[in-house]
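First up is the structure itself, then whatever we jot down about it.
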Amino acid sequence: MAGIFGASSLALSILASSVSPATAAGPQVCAGTLGSPGVLAGKHSSNVTVEGVCAVNGGAALVNGNLILRPGAVLVAAFGLNDQTGSGSSSLSVRGNLQVQNGASMILGCDPQSFPCLDDPNSEAPTLSSQSRVSGNLIEQQPLGVVMHNDIVNGNISENGGGGGITCEPSGIFAAFGSPAYSDYEDSTIRGNLSVTGLRSCWMGAIRLHINGNVSLIDNQLADPDAIEILSNKISGNLACQQNSNVWDSSDAGESLYPREPHPNTVLGMRSGQCVHASPATEGGPLGPGPF
């Protein structure tokens, strides 16, 4: 994973100190601003809509319906503690579908290894974690960026279009943290399919996932030459990659694109397109000899 994104996760920690309850527009709406985000907590008996900026840092949040991010909205559910009461932990469960609409952004889940929780008091040796669970599908239509770690989705994940453009210049809500827009799925379980199509962004990753269905990555154009990293996944179905700017089953070993460290995927079904043979380990080197 490119180093700028690890740094951006630390920059996101400013949210941990700025989050406070905001006046919601209704009982089933979480609304706020970056300086004063709304707080989604407790049990909700039907659909919940996110408008503006909303954080899940007030304990367990359960939505017995769909959770819908309106255009341009931001949902951050990467807090390990209950920062509203000072006691307990925070998590998000959605019994229906999770929908991310045009230009919206979402950060779900955290763990000590790959994405420390934004409120972990020990940044040098983090210990906290938080897991989000979605019983239905995660449906993303033209999102700005979606970042997931340590989560479970029982249905499918589909990301259609979106991104901040083929650039690594900071954009949208990501610009508040000095980061370009990006999409990343790591250390999570997807019991259906994963599909990403038509993304125009800086960087994308699919790393250490357990996927019961198929993976399809079609026509994704990323500005960072290190994208798309598809690393160490366990895929029960097929892996199809077509018309993407770059695909890698290896990570950069240092500050440069090469040399690279291999992280091959386990695929029980068929591999096709760009994801058949291992990506080159050295500049100008051949594909393979092993599988992607």
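By convention here, the chains of the structure tokens are called A, B, ... in the order presented, each chain's residues are numbered starting at 1, and ligands are numbered starting at 1 in the order presented.
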
For the contact check between segment 82-168 of chain A and segment 30-49 of chain A, emit one row per residue of segment 82-168 of chain A within 9 Å, containing the shortest atom pair and the distance in Å rounded to one decimal, counting only C-alpha atoms, chain then rising number order, as CSV.
residue,atom,partner,partner_atom,distance
A:Ser90,CA,A:Ala41,CA,8.4
A:Ser91,CA,A:Ala41,CA,8.7
A:Leu92,CA,A:Ala41,CA,8.3
A:Gly96,CA,A:Asn47,CA,8.4

Proximity of segment 156-267 of chain A to segment 119-133 of chain A: per-residue shortest pair, 12 Å limit, only C-alpha atoms, as JSON lines:
{"residue": "A:Asp187", "atom": "CA", "partner": "A:Gln131", "partner_atom": "CA", "distance": 10.6}
{"residue": "A:Ser188", "atom": "CA", "partner": "A:Gln131", "partner_atom": "CA", "distance": 9.2}
{"residue": "A:Thr189", "atom": "CA", "partner": "A:Arg133", "partner_atom": "CA", "distance": 9.6}
{"residue": "A:Ile190", "atom": "CA", "partner": "A:Arg133", "partner_atom": "CA", "distance": 10.3}
{"residue": "A:Arg191", "atom": "CA", "partner": "A:Arg133", "partner_atom": "CA", "distance": 11.5}

(message) So that I can see what lies close to segment 221-229 of chain A, please list as a count of residues only the residues with an atom at most 7 Å from it, counting only C-alpha atoms and leaving out residues fewer than 2 positions away in the same chain.
(response) 22

(request) Pick out each residue of segment 41-130 of chain A that DSSP on the backbone tags as strand (DSSP E); I need them as a VMD selection string. (result) chain A and resid 42 to 44 48 to 55 60 to 63 67 to 69 74 to 77 91 to 94 98 to 100 105 to 108

(message) Which residue is closest to Ser135 of chain A? Choose from A:Pro116, A:Pro291, A:Gly192, A:Gly86 and count only C-alpha atoms.
(response)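 Closest to Ser135 of chain A, using only C-alpha atoms: A:Gly192.
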
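Comparing the minimum interatomic distances between Leu62 of chain A and each of A:Gln28, A:Ser232, A:Asn212, A:Gln141, counting only C-alpha atoms, we find that A:Gln28 sits nearest.
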
(message) For the structure I just gave you, how does DSSP split segment 7-239 of chain A - specifically, which residues are helix (DSSP H, G or I)? Reply as a PyMOL selection string.
(response) chain A and resi 7-11+14-18+172-177

(message) So the first atom is atom CA of His149 of chain A and the second is atom CA of Ser183 of chain A; what is the distance between them in Å, to one decimal place?
(response) 11.2 Å

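Restricting the calculation to only C-alpha atoms, the smallest distance between Arg95 of chain A and any of A:Val134, A:Leu209, A:Leu118, A:Val74 is found for A:Val134.
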
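Of the listed residues A:Glu140, A:Asp111, A:Glu186, A:Glu51, the one whose atoms come nearest to Ala78 of chain A is A:Asp111, with distances taken using only C-alpha atoms.
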
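The neighbours of Ile218 of chain A here are the residues that come within 9 Å of it, using only C-alpha atoms and leaving out any residue fewer than 2 positions away in the same chain; they are Ser195, Val196, Thr197, Gly198, Leu199, Ser216, Asn220, Ala240, Cys241, Gln242, Gln243 and Asn244 of chain A.
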
(request) Identify which of the residues A:Val153, A:Leu144, A:Ala61, A:Val50 lies closest to Ala73 of chain A, counting only C-alpha atoms when measuring atom-to-atom distances. (result)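 Distance minimum relative to Ala73 of chain A lands on A:Val50.
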
Show me, as a PDB file with C-alpha atoms, in the first residue's frame, the residues that have an atom within 7 Å of Val147 of chain A when counting only C-alpha atoms, minus same-chain residues fewer than 5 positions from it.
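Saved as result_15.pdb:
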ATOM      1  CA  MET A 106     -17.468   6.319   4.046  1.00  0.00           C
ATOM      2  CA  ILE A 107     -14.875   4.944   6.468  1.00  0.00           C
ATOM      3  CA  LEU A 108     -15.904   1.656   8.104  1.00  0.00           C
ATOM      4  CA  SER A 183     -11.198   3.324  -2.191  1.00  0.00           C
ATOM      5  CA  ASP A 184      -9.882   0.442  -0.110  1.00  0.00           C
ATOM      6  CA  TYR A 185     -11.261  -2.901   1.076  1.00  0.00           C
TER       7      TYR A 185
END

(request) Have a look at A:Val29, A:Ala278, A:Leu67, A:Met270 and name the one nearest to Ser93 of chain A; count only C-alpha atoms. (result)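 Comparing A:Val29, A:Ala278, A:Leu67, A:Met270 against Ser93 of chain A, the winner is A:Leu67.
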
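Note that atom CA of Asn97 of chain A and atom CA of Ile207 of chain A are 22.8 Å apart.
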